[in-house]
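S.K.: Supplied structure: model.cif, mmCIF, N, CA and C atoms.
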```cif
data_entry
loop_
_atom_site.group_PDB
_atom_site.id
_atom_site.type_symbol
_atom_site.label_atom_id
_atom_site.label_comp_id
_atom_site.auth_asym_id
_atom_site.auth_seq_id
_atom_site.Cartn_x
_atom_site.Cartn_y
_atom_site.Cartn_z
ATOM 1 N N MET D 168 82.679 131.445 112.107
ATOM 2 C CA MET D 168 82.861 131.300 110.674
ATOM 3 C C MET D 168 82.982 132.702 110.061
ATOM 4 N N PRO D 169 84.000 132.929 109.228
ATOM 5 C CA PRO D 169 84.187 134.256 108.650
ATOM 6 C C PRO D 169 83.078 134.619 107.677
ATOM 7 N N GLY D 170 82.929 135.920 107.424
ATOM 8 C CA GLY D 170 81.902 136.398 106.513
ATOM 9 C C GLY D 170 82.221 136.117 105.057
ATOM 10 N N CYS D 171 83.467 135.831 104.734
ATOM 11 C CA CYS D 171 83.839 135.485 103.366
ATOM 12 C C CYS D 171 84.754 134.270 103.418
ATOM 13 N N PHE D 172 84.858 133.583 102.290
ATOM 14 C CA PHE D 172 85.677 132.378 102.255
ATOM 15 C C PHE D 172 86.231 132.188 100.856
ATOM 16 N N LEU D 173 87.278 131.431 100.761
ATOM 17 C CA LEU D 173 87.919 131.151 99.486
ATOM 18 C C LEU D 173 87.090 130.134 98.716
ATOM 19 N N ALA D 174 86.841 130.457 97.450
ATOM 20 C CA ALA D 174 86.084 129.552 96.589
ATOM 21 C C ALA D 174 86.697 129.575 95.196
ATOM 22 N N VAL D 175 86.481 128.515 94.446
ATOM 23 C CA VAL D 175 86.890 128.460 93.044
ATOM 24 C C VAL D 175 85.660 128.174 92.202
ATOM 25 N N ARG D 176 85.716 128.632 90.957
ATOM 26 C CA ARG D 176 84.618 128.385 90.033
ATOM 27 C C ARG D 176 85.067 127.299 89.056
ATOM 28 N N VAL D 177 84.297 126.209 88.991
ATOM 29 C CA VAL D 177 84.562 125.096 88.090
ATOM 30 C C VAL D 177 83.308 124.889 87.253
ATOM 31 N N ASP D 178 83.459 125.011 85.949
ATOM 32 C CA ASP D 178 82.320 124.862 85.030
ATOM 33 C C ASP D 178 81.134 125.724 85.445
ATOM 34 N N GLY D 179 81.426 126.961 85.875
ATOM 35 C CA GLY D 179 80.377 127.910 86.214
ATOM 36 C C GLY D 179 79.799 127.779 87.610
ATOM 37 N N LYS D 180 80.255 126.837 88.407
ATOM 38 C CA LYS D 180 79.745 126.641 89.758
ATOM 39 C C LYS D 180 80.846 126.918 90.771
ATOM 40 N N ALA D 181 80.513 127.641 91.851
ATOM 41 C CA ALA D 181 81.479 127.970 92.892
ATOM 42 C C ALA D 181 81.524 126.882 93.957
ATOM 43 N N TYR D 182 82.740 126.548 94.385
ATOM 44 C CA TYR D 182 82.959 125.550 95.429
ATOM 45 C C TYR D 182 83.888 126.128 96.490
ATOM 46 N N PRO D 183 83.570 125.976 97.785
ATOM 47 C CA PRO D 183 84.503 126.352 98.843
ATOM 48 C C PRO D 183 85.779 125.512 98.701
ATOM 49 N N VAL D 184 86.917 126.099 99.084
ATOM 50 C CA VAL D 184 88.207 125.435 98.917
ATOM 51 C C VAL D 184 88.726 124.898 100.242
ATOM 52 N N ASP D 185 89.172 123.659 100.220
ATOM 53 C CA ASP D 185 89.912 123.055 101.324
ATOM 54 C C ASP D 185 91.346 122.853 100.847
ATOM 55 N N GLY D 186 92.323 123.062 101.722
ATOM 56 C CA GLY D 186 93.700 122.768 101.371
ATOM 57 C C GLY D 186 94.514 123.959 100.914
ATOM 58 N N ALA D 187 93.963 125.179 100.964
ATOM 59 C CA ALA D 187 94.714 126.389 100.617
ATOM 60 C C ALA D 187 94.987 127.169 101.908
ATOM 61 N N LEU D 188 95.833 128.160 101.801
ATOM 62 C CA LEU D 188 96.133 129.014 102.949
ATOM 63 C C LEU D 188 94.921 129.871 103.302
ATOM 64 N N SER D 189 94.992 130.551 104.433
ATOM 65 C CA SER D 189 93.888 131.440 104.826
ATOM 66 C C SER D 189 93.827 132.639 103.885
ATOM 67 N N LEU D 190 92.692 133.303 103.837
ATOM 68 C CA LEU D 190 92.516 134.464 102.955
ATOM 69 C C LEU D 190 93.566 135.539 103.204
ATOM 70 N N ASP D 191 93.870 135.822 104.467
ATOM 71 C CA ASP D 191 94.844 136.873 104.777
ATOM 72 C C ASP D 191 96.270 136.488 104.397
ATOM 73 N N SER D 192 96.516 135.237 104.109
ATOM 74 C CA SER D 192 97.841 134.816 103.634
ATOM 75 C C SER D 192 98.125 135.366 102.241
ATOM 76 N N TYR D 193 97.090 135.797 101.544
ATOM 77 C CA TYR D 193 97.223 136.348 100.198
ATOM 78 C C TYR D 193 97.137 137.876 100.216
ATOM 79 N N GLY D 194 97.369 138.489 101.346
ATOM 80 C CA GLY D 194 97.277 139.945 101.500
ATOM 81 C C GLY D 194 96.054 140.297 102.327
ATOM 82 N N ASP D 195 95.809 141.586 102.500
ATOM 83 C CA ASP D 195 94.676 142.049 103.293
ATOM 84 C C ASP D 195 93.376 141.650 102.601
ATOM 85 N N ALA D 196 92.667 140.710 103.183
ATOM 86 C CA ALA D 196 91.451 140.164 102.563
ATOM 87 C C ALA D 196 90.370 141.213 102.376
ATOM 88 N N HIS D 197 90.407 142.294 103.168
ATOM 89 C CA HIS D 197 89.352 143.299 103.104
ATOM 90 C C HIS D 197 89.756 144.582 102.372
ATOM 91 N N SER D 198 90.914 144.577 101.709
ATOM 92 C CA SER D 198 91.287 145.731 100.885
ATOM 93 C C SER D 198 90.424 145.714 99.622
ATOM 94 N N ASN D 199 90.496 146.767 98.810
ATOM 95 C CA ASN D 199 89.680 146.834 97.587
ATOM 96 C C ASN D 199 89.933 145.652 96.660
ATOM 97 N N GLU D 200 91.162 145.190 96.574
ATOM 98 C CA GLU D 200 91.512 144.062 95.706
ATOM 99 C C GLU D 200 91.690 142.771 96.500
ATOM 100 N N GLY D 201 91.294 142.784 97.770
ATOM 101 C CA GLY D 201 91.449 141.616 98.632
ATOM 102 C C GLY D 201 90.487 140.496 98.285
ATOM 103 N N MET D 202 90.743 139.345 98.830
ATOM 104 C CA MET D 202 89.986 138.136 98.501
ATOM 105 C C MET D 202 88.514 138.212 98.908
ATOM 106 N N CYS D 203 88.168 139.069 99.869
ATOM 107 C CA CYS D 203 86.758 139.207 100.255
ATOM 108 C C CYS D 203 86.006 140.196 99.367
ATOM 109 N N ASN D 204 86.731 141.024 98.618
ATOM 110 C CA ASN D 204 86.099 142.097 97.857
ATOM 111 C C ASN D 204 86.285 142.001 96.355
ATOM 112 N N ALA D 205 87.077 141.091 95.878
ATOM 113 C CA ALA D 205 87.353 141.023 94.442
ATOM 114 C C ALA D 205 87.486 139.569 94.002
ATOM 115 N N ILE D 206 87.079 139.318 92.781
ATOM 116 C CA ILE D 206 87.302 138.004 92.187
ATOM 117 C C ILE D 206 88.690 138.028 91.580
ATOM 118 N N ARG D 207 89.507 137.054 91.947
ATOM 119 C CA ARG D 207 90.888 136.996 91.469
ATOM 120 C C ARG D 207 91.107 135.701 90.706
ATOM 121 N N LYS D 208 92.065 135.718 89.806
ATOM 122 C CA LYS D 208 92.423 134.509 89.068
ATOM 123 C C LYS D 208 93.524 133.781 89.820
ATOM 124 N N ALA D 209 93.505 132.453 89.682
ATOM 125 C CA ALA D 209 94.510 131.624 90.342
ATOM 126 C C ALA D 209 94.775 130.389 89.485
ATOM 127 N N GLU D 210 95.951 129.832 89.665
ATOM 128 C CA GLU D 210 96.264 128.534 89.069
ATOM 129 C C GLU D 210 96.063 127.506 90.172
ATOM 130 N N VAL D 211 95.167 126.560 89.934
ATOM 131 C CA VAL D 211 94.852 125.569 90.959
ATOM 132 C C VAL D 211 94.862 124.170 90.367
ATOM 133 N N THR D 212 95.163 123.211 91.204
ATOM 134 C CA THR D 212 94.966 121.808 90.870
ATOM 135 C C THR D 212 94.235 121.177 92.033
ATOM 136 N N GLY D 213 93.468 120.156 91.742
ATOM 137 C CA GLY D 213 92.704 119.477 92.778
ATOM 138 C C GLY D 213 91.463 118.862 92.179
ATOM 139 N N GLU D 214 90.504 118.548 93.045
ATOM 140 C CA GLU D 214 89.276 117.923 92.573
ATOM 141 C C GLU D 214 88.109 118.279 93.472
ATOM 142 N N VAL D 215 86.917 118.180 92.911
ATOM 143 C CA VAL D 215 85.695 118.418 93.663
ATOM 144 C C VAL D 215 85.303 117.121 94.372
ATOM 145 N N LYS D 216 85.117 117.232 95.697
ATOM 146 C CA LYS D 216 84.661 116.108 96.512
ATOM 147 C C LYS D 216 83.613 116.628 97.480
ATOM 148 N N ASN D 217 82.463 116.005 97.486
ATOM 149 C CA ASN D 217 81.395 116.371 98.430
ATOM 150 C C ASN D 217 81.080 117.865 98.385
ATOM 151 N N GLU D 218 80.928 118.411 97.167
ATOM 152 C CA GLU D 218 80.560 119.816 96.964
ATOM 153 C C GLU D 218 81.601 120.802 97.491
ATOM 154 N N ARG D 219 82.872 120.366 97.625
ATOM 155 C CA ARG D 219 83.983 121.235 98.022
ATOM 156 C C ARG D 219 85.139 120.964 97.068
ATOM 157 N N PHE D 220 85.989 121.972 96.842
ATOM 158 C CA PHE D 220 87.160 121.795 96.006
ATOM 159 C C PHE D 220 88.341 121.510 96.920
ATOM 160 N N VAL D 221 88.930 120.327 96.781
ATOM 161 C CA VAL D 221 90.090 119.925 97.581
ATOM 162 C C VAL D 221 91.335 120.271 96.765
ATOM 163 N N ALA D 222 92.044 121.325 97.191
ATOM 164 C CA ALA D 222 93.181 121.839 96.432
ATOM 165 C C ALA D 222 94.445 121.047 96.721
ATOM 166 N N LYS D 223 95.147 120.689 95.655
ATOM 167 C CA LYS D 223 96.498 120.132 95.781
ATOM 168 C C LYS D 223 97.500 121.272 95.679
ATOM 169 N N SER D 224 97.199 122.270 94.839
ATOM 170 C CA SER D 224 98.020 123.479 94.762
ATOM 171 C C SER D 224 97.098 124.665 94.499
ATOM 172 N N PHE D 225 97.510 125.825 94.977
ATOM 173 C CA PHE D 225 96.737 127.046 94.810
ATOM 174 C C PHE D 225 97.714 128.204 94.721
ATOM 175 N N LYS D 226 97.794 128.827 93.549
ATOM 176 C CA LYS D 226 98.696 129.965 93.340
ATOM 177 C C LYS D 226 97.880 131.141 92.836
ATOM 178 N N LEU D 227 97.779 132.172 93.656
ATOM 179 C CA LEU D 227 97.056 133.375 93.284
ATOM 180 C C LEU D 227 97.870 134.145 92.254
ATOM 181 N N LEU D 228 97.232 134.551 91.167
ATOM 182 C CA LEU D 228 97.909 135.297 90.099
ATOM 183 C C LEU D 228 97.862 136.792 90.410
ATOM 184 N N PRO D 229 98.832 137.560 89.900
ATOM 185 C CA PRO D 229 98.806 139.013 90.120
ATOM 186 C C PRO D 229 97.554 139.640 89.525
ATOM 187 N N THR D 230 97.113 140.720 90.137
ATOM 188 C CA THR D 230 95.943 141.424 89.600
ATOM 189 C C THR D 230 96.329 142.102 88.294
ATOM 190 N N GLU D 231 95.388 142.171 87.402
ATOM 191 C CA GLU D 231 95.615 142.850 86.130
ATOM 192 C C GLU D 231 95.437 144.340 86.329
ATOM 193 N N LYS D 232 96.350 145.117 85.799
ATOM 194 C CA LYS D 232 96.274 146.569 85.918
ATOM 195 C C LYS D 232 95.197 147.106 84.984
ATOM 196 N N LYS D 233 94.349 148.001 85.504
ATOM 197 C CA LYS D 233 93.319 148.634 84.685
ATOM 198 C C LYS D 233 93.929 149.841 84.012
ATOM 199 N N HIS D 234 93.645 150.013 82.729
ATOM 200 C CA HIS D 234 94.222 151.146 81.975
ATOM 201 C C HIS D 234 93.300 152.311 81.984
#
```
I need this file expressed as structure tokens, please.

M.R.:
Amino acid sequence: MPGCFLAVRVDGKAYPVDGALSLDSYGDAHSNEGMCNAIRKAEVTGEVKNERFVAKSFKLLPTEKKH
């Protein structure tokens, strides 16, 4: 089991995600802005079942540039 995993926050609670690509599919998961090291925004659809988020779609949004 990897040391980090994809999760979404729904109403303030984090749920592991089923039905999305692997973390490295969204770039280097261990880079400074990678999925293991940064909270990123995404557009998702799906539902919570058995304390997990079952994704129908998952689209990672671009990182916001810091000024």

S.K.: Applied to this file, what does the PyMOL selection byres ((chain D and resi 184) around 6) return in terms of residues, put as a list in words?

M.R.: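 Taken over the shown coordinates, the PyMOL selection byres ((chain D and resi 184) around 6) returns Leu173, Ala174, Val175, Tyr182, Pro183, Asp185, Gly186, Ala187, Arg219, Phe220, Val221 and Ala222 of chain D.
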
S.K.: Could you give me, as a ChimeraX atom specification, each residue of chain D that DSSP assigns to helix (DSSP H, G or I) when run on this structure's backbone?

M.R.: /D:190-193

S.K.: Using the selection just defined, write its residues with N, CA and C atoms as a compact mmCIF listing (two decimals), keeping the file's coordinate frame.

M.R.:
```txt
# COMPACT_ATOMS: atom_id res chain seq x y z
N LEU D 190 92.69 133.30 103.84
CA LEU D 190 92.52 134.46 102.96
C LEU D 190 93.57 135.54 103.20
N ASP D 191 93.87 135.82 104.47
CA ASP D 191 94.84 136.87 104.78
C ASP D 191 96.27 136.49 104.40
N SER D 192 96.52 135.24 104.11
CA SER D 192 97.84 134.82 103.63
C SER D 192 98.12 135.37 102.24
N TYR D 193 97.09 135.80 101.54
CA TYR D 193 97.22 136.35 100.20
C TYR D 193 97.14 137.88 100.22
```

S.K.: Taking into account all atoms listed in the file, which residue in the set D:Leu190, D:Ser224, D:Arg176, D:Ala181 is nearest to Cys203 (chain D)?

M.R.: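 Of all the options, D:Leu190 lies closest to Cys203 (chain D).
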
S.K.: At what distance in Å, to one decimal, does CA of Asn199 (chain D) lie from CA of Glu214 (chain D)?

M.R.: 29.3 Å

S.K.: With a distance cut-off of 10 Å and only C-alpha atoms, select the neighbouring residues of Ala209 (chain D), excluding the residue or stretch itself and same-chain residues fewer than 5 positions from it, and output the selection as an MDAnalysis selection string.

M.R.: chainID D and resid 175 224:230
